[in-house]
$ cat coords-v6.cif   # mmCIF, C-alpha atoms
data_upload
#
loop_
_atom_site.label_atom_id
_atom_site.label_comp_id
_atom_site.auth_asym_id
_atom_site.auth_seq_id
_atom_site.Cartn_x
_atom_site.Cartn_y
_atom_site.Cartn_z
CA MET A 1 -16.14 1.94 2.50
CA ALA A 2 -14.83 5.43 3.27
CA LEU A 3 -11.71 6.58 5.05
CA LYS A 4 -11.75 9.03 7.93
CA LYS A 5 -9.13 11.77 7.98
CA PHE A 6 -8.17 13.97 10.93
CA ARG A 7 -7.04 17.52 11.45
CA PRO A 8 -3.24 17.62 11.99
CA LEU A 9 -3.45 18.94 15.53
CA THR A 10 -0.85 16.40 16.69
CA SER A 11 1.89 14.45 14.96
CA THR A 12 -0.20 11.30 15.40
CA GLN A 13 -3.17 12.73 13.55
CA ARG A 14 -1.19 14.30 10.73
CA PHE A 15 -1.04 11.20 8.53
CA LYS A 16 -3.73 9.18 10.27
CA GLN A 17 -6.35 7.58 8.01
CA THR A 18 -8.71 5.08 9.59
CA PRO A 19 -11.81 3.29 8.32
CA ALA A 20 -15.08 5.13 8.86
CA TYR A 21 -16.84 1.83 9.65
CA ASP A 22 -20.01 3.23 8.06
CA GLU A 23 -20.81 -0.10 6.40
CA ILE A 24 -20.92 -1.96 9.73
CA THR A 25 -24.46 -2.45 11.05
CA LYS A 26 -23.88 -4.59 14.16
CA ASP A 27 -21.32 -4.13 16.92
CA LYS A 28 -21.72 -7.42 18.79
CA PRO A 29 -20.83 -10.75 17.12
CA GLU A 30 -23.10 -13.80 16.99
CA LYS A 31 -22.15 -15.83 20.08
CA SER A 32 -23.02 -19.17 18.50
CA LEU A 33 -20.38 -18.56 15.80
CA LEU A 34 -17.50 -17.66 18.13
CA GLU A 35 -14.57 -19.85 19.13
CA PRO A 36 -11.67 -19.15 21.52
CA LEU A 37 -8.45 -17.96 19.93
CA LYS A 38 -5.22 -18.49 21.83
CA ARG A 39 -2.31 -16.18 21.13
CA SER A 40 1.13 -17.76 20.65
CA GLY A 41 3.30 -14.67 21.13
CA GLY A 42 5.41 -15.97 18.24
CA ARG A 43 6.43 -19.08 20.18
CA ASN A 44 6.18 -22.73 19.18
CA ASN A 45 5.03 -25.71 21.28
CA LYS A 46 8.37 -25.70 23.10
CA GLY A 47 8.02 -22.08 24.14
CA ARG A 48 10.83 -20.91 21.88
CA LEU A 49 10.52 -17.72 19.85
CA THR A 50 10.17 -18.77 16.19
CA ALA A 51 8.36 -15.73 14.75
CA ARG A 52 9.73 -12.34 15.75
CA HIS A 53 7.81 -9.10 16.34
CA ILE A 54 4.64 -10.81 17.61
CA GLY A 55 3.09 -10.27 21.02
CA GLY A 56 0.58 -8.32 23.05
CA GLY A 57 -2.48 -6.90 21.37
CA HIS A 58 -6.15 -6.95 22.19
CA LYS A 59 -7.94 -10.17 23.04
CA ARG A 60 -9.86 -11.73 20.16
CA LYS A 61 -12.34 -14.48 19.50
CA TYR A 62 -12.43 -16.34 16.21
CA ARG A 63 -15.47 -15.90 13.97
CA VAL A 64 -16.32 -19.19 12.23
CA ILE A 65 -16.52 -18.34 8.52
CA ASP A 66 -18.42 -20.62 6.13
CA PHE A 67 -15.87 -20.79 3.32
CA LYS A 68 -17.58 -23.90 1.90
CA ARG A 69 -21.11 -22.43 1.72
CA ARG A 70 -22.43 -25.71 3.12
CA LEU A 71 -26.16 -25.07 2.74
CA ARG A 72 -26.89 -25.40 -0.98
CA ASP A 73 -30.03 -24.22 -2.80
CA VAL A 74 -31.30 -22.56 0.38
CA GLU A 75 -31.81 -18.81 0.16
CA ALA A 76 -30.39 -16.79 3.04
CA THR A 77 -30.97 -13.22 4.13
CA VAL A 78 -28.12 -10.87 5.04
CA GLU A 79 -28.86 -9.90 8.63
CA ALA A 80 -25.80 -7.72 9.36
CA ILE A 81 -22.38 -6.57 8.17
CA GLU A 82 -19.82 -6.95 10.96
CA TYR A 83 -16.20 -6.18 11.77
CA ASP A 84 -13.84 -9.14 12.07
CA PRO A 85 -10.63 -8.53 14.07
CA ASN A 86 -9.00 -11.61 12.53
CA ARG A 87 -9.04 -10.47 8.89
CA SER A 88 -8.97 -7.35 6.73
CA ALA A 89 -12.35 -8.05 5.09
CA ARG A 90 -15.77 -7.42 6.61
CA ILE A 91 -18.05 -10.38 7.27
CA ALA A 92 -21.76 -10.79 6.64
CA LEU A 93 -24.12 -12.62 8.99
CA LEU A 94 -26.58 -14.85 7.10
CA GLN A 95 -29.93 -16.00 8.43
CA TYR A 96 -31.39 -19.17 6.88
CA PRO A 97 -35.13 -20.02 6.95
CA ARG A 98 -34.73 -22.94 9.38
CA GLY A 99 -32.90 -20.84 11.94
CA GLU A 100 -29.30 -21.59 10.98
CA LYS A 101 -26.84 -18.73 10.95
CA ALA A 102 -23.48 -18.43 9.20
CA TYR A 103 -20.73 -15.91 8.50
CA ILE A 104 -19.36 -15.30 5.00
CA LEU A 105 -16.93 -12.77 3.58
CA ALA A 106 -18.90 -9.65 2.71
CA PRO A 107 -18.58 -8.73 -0.99
CA ASN A 108 -18.33 -5.10 -1.98
CA GLY A 109 -21.86 -3.70 -2.35
CA LEU A 110 -23.67 -6.36 -0.29
CA ALA A 111 -26.36 -4.73 1.85
CA VAL A 112 -28.48 -5.78 4.79
CA GLY A 113 -31.67 -7.44 3.58
CA SER A 114 -30.11 -8.87 0.42
CA ARG A 115 -30.93 -12.47 -0.44
CA ILE A 116 -28.12 -14.78 -1.53
CA VAL A 117 -27.89 -18.48 -2.27
CA ALA A 118 -25.30 -21.14 -3.11
CA GLY A 119 -25.88 -23.95 -5.58
CA ASP A 120 -25.08 -25.46 -8.97
CA ASN A 121 -27.87 -23.70 -10.84
CA VAL A 122 -28.21 -20.34 -9.12
CA ALA A 123 -27.96 -16.97 -10.87
CA PRO A 124 -24.45 -15.41 -11.06
CA GLU A 125 -25.37 -12.44 -8.87
CA LEU A 126 -23.49 -10.61 -6.13
CA GLY A 127 -22.82 -12.84 -3.12
CA ASN A 128 -24.07 -16.05 -4.74
CA ALA A 129 -21.72 -19.06 -4.77
CA LEU A 130 -21.67 -21.47 -7.70
CA PRO A 131 -19.21 -23.71 -9.59
CA LEU A 132 -16.81 -22.15 -12.07
CA LYS A 133 -18.48 -23.97 -14.95
CA ALA A 134 -21.70 -21.99 -14.33
CA ILE A 135 -20.09 -18.55 -14.04
CA PRO A 136 -19.97 -16.31 -17.15
CA LEU A 137 -16.50 -15.50 -18.51
CA GLY A 138 -15.07 -12.18 -17.41
CA THR A 139 -16.87 -12.22 -14.05
CA ALA A 140 -15.10 -10.95 -10.91
CA ILE A 141 -15.02 -13.69 -8.26
CA HIS A 142 -13.52 -14.31 -4.82
CA ASN A 143 -13.30 -17.05 -2.15
CA ILE A 144 -12.27 -19.59 -4.79
CA GLU A 145 -11.73 -23.26 -4.06
CA ILE A 146 -8.47 -24.78 -5.32
CA ILE A 147 -9.78 -28.31 -4.78
CA PRO A 148 -13.56 -28.86 -5.09
CA GLY A 149 -15.16 -29.33 -1.67
CA ARG A 150 -12.22 -28.04 0.35
CA GLY A 151 -13.59 -24.53 0.77
CA GLY A 152 -12.48 -21.17 -0.56
CA GLN A 153 -8.75 -20.46 -0.28
CA VAL A 154 -7.99 -17.84 -2.93
CA ALA A 155 -8.86 -14.10 -3.02
CA ARG A 156 -10.16 -13.67 0.54
CA SER A 157 -8.45 -10.43 1.67
CA ALA A 158 -10.02 -6.98 1.58
CA GLY A 159 -10.47 -5.65 -1.95
CA GLN A 160 -9.30 -8.85 -3.66
CA GLN A 161 -10.88 -10.25 -6.79
CA ALA A 162 -9.98 -12.77 -9.49
CA ILE A 163 -11.24 -12.85 -13.08
CA LEU A 164 -12.61 -15.97 -14.77
CA SER A 165 -10.98 -15.69 -18.20
CA ASN A 166 -11.58 -19.00 -20.01
CA ARG A 167 -12.59 -22.66 -19.76
CA GLU A 168 -11.03 -25.66 -21.49
CA GLY A 169 -10.83 -29.41 -20.91
CA GLY A 170 -12.82 -29.47 -17.69
CA TYR A 171 -10.76 -26.68 -16.13
CA ALA A 172 -11.29 -22.95 -15.76
CA LEU A 173 -8.52 -20.43 -16.33
CA VAL A 174 -8.57 -17.86 -13.53
CA ARG A 175 -6.42 -14.74 -13.35
CA LEU A 176 -5.54 -14.40 -9.68
CA PRO A 177 -4.97 -11.06 -7.89
CA SER A 178 -1.20 -11.59 -8.20
CA GLY A 179 -1.45 -11.74 -12.00
CA GLU A 180 -0.89 -15.50 -12.12
CA ILE A 181 -3.17 -17.47 -14.44
CA ARG A 182 -4.06 -20.84 -12.94
CA ARG A 183 -6.09 -23.85 -14.05
CA ILE A 184 -8.78 -24.73 -11.48
CA HIS A 185 -11.29 -27.56 -11.81
CA GLU A 186 -14.61 -26.34 -13.17
CA ASN A 187 -16.51 -27.97 -10.28
CA ALA A 188 -14.73 -25.78 -7.74
CA TYR A 189 -16.98 -23.17 -6.11
CA ALA A 190 -16.42 -19.42 -6.11
CA THR A 191 -18.43 -16.42 -4.93
CA ILE A 192 -19.50 -13.63 -7.26
CA GLY A 193 -18.10 -10.14 -6.65
CA GLN A 194 -15.12 -8.41 -5.10
CA VAL A 195 -14.25 -8.68 -1.42
CA GLY A 196 -15.42 -5.60 0.47
CA ASN A 197 -13.44 -3.03 2.48
CA VAL A 198 -11.68 -1.95 -0.72
CA ASP A 199 -9.88 1.03 0.84
CA HIS A 200 -8.11 -1.10 3.44
CA MET A 201 -4.80 -0.69 1.56
CA ASN A 202 -4.95 3.09 2.14
CA VAL A 203 -5.34 2.90 5.91
CA SER A 204 -2.57 4.65 7.86
CA SER A 205 -2.41 3.94 11.59
CA GLY A 206 -0.64 7.21 12.41
CA LYS A 207 1.16 5.91 15.50
CA ALA A 208 3.04 2.88 16.76
CA GLY A 209 0.47 2.24 19.47
CA ARG A 210 -2.17 1.13 16.97
CA SER A 211 0.23 -1.56 15.74
CA ARG A 212 0.74 -2.72 19.32
CA TRP A 213 -3.04 -3.05 19.69
CA LEU A 214 -2.96 -5.42 16.71
CA GLY A 215 -0.27 -7.58 18.34
CA ARG A 216 2.70 -6.26 16.32
CA ARG A 217 5.84 -5.58 18.30
CA PRO A 218 8.65 -3.23 17.17
CA HIS A 219 10.63 -4.30 14.11
CA VAL A 220 14.27 -3.27 14.46
CA ARG A 221 16.30 -2.82 11.25
CA GLY A 222 19.28 -5.10 10.80
CA MET A 223 21.57 -2.17 9.98
CA ALA A 224 20.77 -0.67 13.39
CA MET A 225 22.01 -3.78 15.22
CA ASN A 226 25.46 -4.93 16.28
CA PRO A 227 27.45 -7.40 14.11
CA ILE A 228 26.78 -10.22 16.56
CA ASP A 229 23.03 -9.76 16.19
CA HIS A 230 22.69 -9.37 12.41
CA PRO A 231 24.90 -9.85 9.30
CA MET A 232 24.13 -6.27 8.25
CA GLY A 233 24.93 -4.77 11.66
CA GLY A 234 27.93 -2.74 12.78
CA GLY A 235 30.14 -0.36 10.83
CA GLN A 236 31.28 3.20 11.35
CA GLY A 237 28.30 5.47 10.86
CA LYS A 238 25.58 4.70 8.34
CA SER A 239 27.13 1.87 6.35
CA LYS A 240 25.79 -0.86 4.13
CA GLY A 241 26.41 -3.92 6.24
CA GLY A 242 29.36 -3.39 8.53
CA GLY A 243 31.52 -1.02 6.52
CA GLY A 244 31.31 -2.83 3.14
CA ARG A 245 28.64 -3.23 0.48
CA HIS A 246 26.32 -6.01 1.66
CA HIS A 247 23.27 -7.43 -0.07
CA PRO A 248 20.15 -7.33 2.17
CA VAL A 249 19.82 -10.58 4.07
CA SER A 250 17.78 -12.06 6.89
CA PRO A 251 19.29 -12.48 10.39
CA TRP A 252 20.26 -16.01 9.32
CA GLY A 253 21.96 -14.98 6.09
CA GLN A 254 19.27 -15.73 3.50
CA LEU A 255 19.05 -13.16 0.70
CA ALA A 256 16.08 -10.86 1.19
CA LYS A 257 15.74 -9.54 -2.39
CA GLY A 258 15.53 -11.58 -5.59
CA PHE A 259 16.15 -14.95 -3.94
CA LYS A 260 13.61 -17.54 -5.12
CA THR A 261 12.09 -19.44 -2.22
CA ARG A 262 9.55 -21.51 -4.20
CA ARG A 263 10.51 -25.16 -4.68
CA THR A 264 11.84 -25.98 -8.17
CA HIS A 265 9.57 -28.98 -8.72
CA LYS A 266 6.18 -28.49 -7.14
CA THR A 267 3.03 -30.51 -7.81
CA SER A 268 0.93 -27.45 -8.53
CA ASP A 269 3.30 -26.20 -11.26
CA SER A 270 1.30 -28.14 -13.86
CA PHE A 271 -1.76 -26.00 -13.06
CA ILE A 272 0.01 -22.66 -13.53
CA VAL A 273 -0.49 -21.38 -17.08
CA GLU A 274 1.30 -18.06 -16.56
CA HIS A 275 3.44 -17.14 -13.57
CA ARG A 276 2.83 -13.90 -11.75
CA LYS A 277 6.18 -12.38 -12.76
CA SER A 278 6.28 -13.56 -16.37
CA ARG A 279 4.72 -10.35 -17.69
CA LYS A 280 7.37 -8.20 -16.00
CA LYS A 281 10.21 -10.21 -17.58
CA THR A 282 8.91 -9.73 -21.13
CA LYS A 283 8.92 -5.92 -20.82
#

$ encode --input "coords-v6.cif" --output "structure tokens"
Amino acid sequence: MALKKFRPLTSTQRFKQTPAYDEITKDKPEKSLLEPLKRSGGRNNKGRLTARHIGGGHKRKYRVIDFKRRLRDVEATVEAIEYDPNRSARIALLQYPRGEKAYILAPNGLAVGSRIVAGDNVAPELGNALPLKAIPLGTAIHNIEIIPGRGGQVARSAGQQAILSNREGGYALVRLPSGEIRRIHENAYATIGQVGNVDHMNVSSGKAGRSRWLGRRPHVRGMAMNPIDHPMGGGQGKSKGGGGRHHPVSPWGQLAKGFKTRRTHKTSDSFIVEHRKSRKKTK
């Protein structure tokens, strides 16, 4: 994927960097794989605002992604690479011999006409899905199942990849994109390769309007509010939280930096071999 830059003729275009969309080969989605997607506007079932800064944006329809790779040992042909408004990654449209069609996350380097397959004994090639016990060590993988049969849940965003580092006692040790090393059952499926749209992290919208198109409303800083609206509001001039030194907090008083929000005793702790921040502490 390449990024498209613009001449700085206006303030909007000065820092604007958008995707070139040169990898996309089809502009209309497959109708049989679409579902309606209702927007909440940040409100719960009682109509109360529970998630701020959400609202507006362009209408979308959900693309049904086959995270489980349900058809096993059946070779499929990549018919198109498409844009998905619901995620940062691109999606690939697969055509199976019997007429079935499915969407998967498009790995980096997957091209139209490629043949991919999912199964226990398939080759560990780009786009193929197979259990962790059949994948060579050191391979880059994505769309990893945490529980076998549940479907891929890990490493699904644009440019993400995990590394299969070791196997022991019926489990595979996988280094996740966060740096965490986790034990995952060797029968869990994963897809070979890195998720496409690698340059997504370098995209710069250039103007507030593009964020509004995505359904993101303005985010007002707490320090710019009044004391009644935010703990960090008020004060004479530019102050840190109402005239005195104030640690950054949420509107409801929870610390915003350094406060651990993960539960102390969690069931999945036994599967974590190395936490994502453990390497930083040792330095």

$ residues_around --input "coords-v6.cif" --residues "Lys277 (chain A)" --least-positions-apart "5" --cutoff "9 Å" --atoms "all atoms listed in the file" --output "PyMOL selection string"
chain A and resi 178-180

$ resolve_selection --input "coords-v6.cif" --expression "the PyMOL selection byres ((chain A and resi 181-189) around 9)" --output "ChimeraX atom specification"
/A:68-69,119-120,129-134,143-152,165,167,170-176,178-180,190-191,270-276

$ write_last_selection --input "coords-v6.cif" --atoms "C-alpha atoms" --output "compact mmCIF listing (two decimals), in the frame of the given file"
# COMPACT_ATOMS: atom_id res chain seq x y z
CA LYS A 68 -17.58 -23.90 1.90
CA ARG A 69 -21.11 -22.43 1.72
CA GLY A 119 -25.88 -23.95 -5.58
CA ASP A 120 -25.08 -25.46 -8.97
CA ALA A 129 -21.72 -19.06 -4.77
CA LEU A 130 -21.67 -21.47 -7.70
CA PRO A 131 -19.21 -23.71 -9.59
CA LEU A 132 -16.81 -22.15 -12.07
CA LYS A 133 -18.48 -23.97 -14.95
CA ALA A 134 -21.70 -21.99 -14.33
CA ASN A 143 -13.30 -17.05 -2.15
CA ILE A 144 -12.27 -19.59 -4.79
CA GLU A 145 -11.73 -23.26 -4.06
CA ILE A 146 -8.47 -24.78 -5.32
CA ILE A 147 -9.78 -28.31 -4.78
CA PRO A 148 -13.56 -28.86 -5.09
CA GLY A 149 -15.16 -29.33 -1.67
CA ARG A 150 -12.22 -28.04 0.35
CA GLY A 151 -13.59 -24.53 0.77
CA GLY A 152 -12.48 -21.17 -0.56
CA SER A 165 -10.98 -15.69 -18.20
CA ARG A 167 -12.59 -22.66 -19.76
CA GLY A 170 -12.82 -29.47 -17.69
CA TYR A 171 -10.76 -26.68 -16.13
CA ALA A 172 -11.29 -22.95 -15.76
CA LEU A 173 -8.52 -20.43 -16.33
CA VAL A 174 -8.57 -17.86 -13.53
CA ARG A 175 -6.42 -14.74 -13.35
CA LEU A 176 -5.54 -14.40 -9.68
CA SER A 178 -1.20 -11.59 -8.20
CA GLY A 179 -1.45 -11.74 -12.00
CA GLU A 180 -0.89 -15.50 -12.12
CA ALA A 190 -16.42 -19.42 -6.11
CA THR A 191 -18.43 -16.42 -4.93
CA SER A 270 1.30 -28.14 -13.86
CA PHE A 271 -1.76 -26.00 -13.06
CA ILE A 272 0.01 -22.66 -13.53
CA VAL A 273 -0.49 -21.38 -17.08
CA GLU A 274 1.30 -18.06 -16.56
CA HIS A 275 3.44 -17.14 -13.57
CA ARG A 276 2.83 -13.90 -11.75

$ resolve_selection --input "coords-v6.cif" --expression "the PyMOL selection byres ((chain A and resi 221-228) around 12)" --output "number ranges by chain"
A: 53, 218-220, 229-253, 256

$ closest_residue --input "coords-v6.cif" --among "A:Val203, A:Val74, A:Leu33, A:Ala89" --to "Ala102 (chain A)" --atoms "all atoms listed in the file"
A:Leu33

$ resolve_selection --input "coords-v6.cif" --expression "the PyMOL selection byres ((chain A and resi 55) around 9)" --output "PDB file with C-alpha atoms, keeping the file's coordinate frame"
ATOM      1  CA  ARG A  39      -2.310 -16.180  21.130  1.00  0.00           C
ATOM      2  CA  SER A  40       1.130 -17.760  20.650  1.00  0.00           C
ATOM      3  CA  GLY A  41       3.300 -14.670  21.130  1.00  0.00           C
ATOM      4  CA  GLY A  42       5.410 -15.970  18.240  1.00  0.00           C
ATOM      5  CA  ARG A  52       9.730 -12.340  15.750  1.00  0.00           C
ATOM      6  CA  HIS A  53       7.810  -9.100  16.340  1.00  0.00           C
ATOM      7  CA  ILE A  54       4.640 -10.810  17.610  1.00  0.00           C
ATOM      8  CA  GLY A  56       0.580  -8.320  23.050  1.00  0.00           C
ATOM      9  CA  GLY A  57      -2.480  -6.900  21.370  1.00  0.00           C
ATOM     10  CA  ARG A 212       0.740  -2.720  19.320  1.00  0.00           C
ATOM     11  CA  LEU A 214      -2.960  -5.420  16.710  1.00  0.00           C
ATOM     12  CA  GLY A 215      -0.270  -7.580  18.340  1.00  0.00           C
ATOM     13  CA  ARG A 216       2.700  -6.260  16.320  1.00  0.00           C
ATOM     14  CA  ARG A 217       5.840  -5.580  18.300  1.00  0.00           C
TER      15      ARG A 217
END

$ residues_around --input "coords-v6.cif" --residues "Asp199 (chain A)" --least-positions-apart "5" --cutoff "9 Å" --atoms "only C-alpha atoms" --output "list in words"
Met1, Ala2, Leu3, Pro19, Ala158 and Gly159 of chain A

$ closest_residue --input "coords-v6.cif" --among "A:Ser205, A:Ser114, A:Ser268, A:Asn108" --to "Lys16 (chain A)" --atoms "all atoms listed in the file"
A:Ser205

$ closest_residue --input "coords-v6.cif" --among "A:Lys26, A:Arg115, A:Lys38, A:Arg156" --to "His58 (chain A)" --atoms "all atoms listed in the file"
A:Lys38

$ closest_residue --input "coords-v6.cif" --among "A:Leu34, A:Leu49, A:Met201, A:Ala80" --to "Gln17 (chain A)" --atoms "all atoms listed in the file"
A:Met201

$ residues_around --input "coords-v6.cif" --residues "Arg70 (chain A)" --least-positions-apart "3" --cutoff "9 Å" --atoms "all atoms listed in the file" --output "PDB file with C-alpha atoms, in the frame of the given file"
ATOM      1  CA  ASP A  66     -18.420 -20.620   6.130  1.00  0.00           C
ATOM      2  CA  PHE A  67     -15.870 -20.790   3.320  1.00  0.00           C
ATOM      3  CA  ALA A 118     -25.300 -21.140  -3.110  1.00  0.00           C
TER       4      ALA A 118
END

$ atom_distance --input "coords-v6.cif" --atom1 "CA of Val117 (chain A)" --atom2 "CA of Ile141 (chain A)"
15.0 Å

$ atom_distance --input "coords-v6.cif" --atom1 "CA of Thr18 (chain A)" --atom2 "CA of Arg210 (chain A)"
10.6 Å

$ residues_around --input "coords-v6.cif" --residues "Ile24 (chain A)" --least-positions-apart "4" --cutoff "7 Å" --atoms "only C-alpha atoms" --output "list in words"
Ile81, Glu82 and Tyr83 of chain A

$ closest_residue --input "coords-v6.cif" --among "A:Lys101, A:Lys5, A:Lys61, A:His142" --to "Gln160 (chain A)" --atoms "only C-alpha atoms"
A:His142
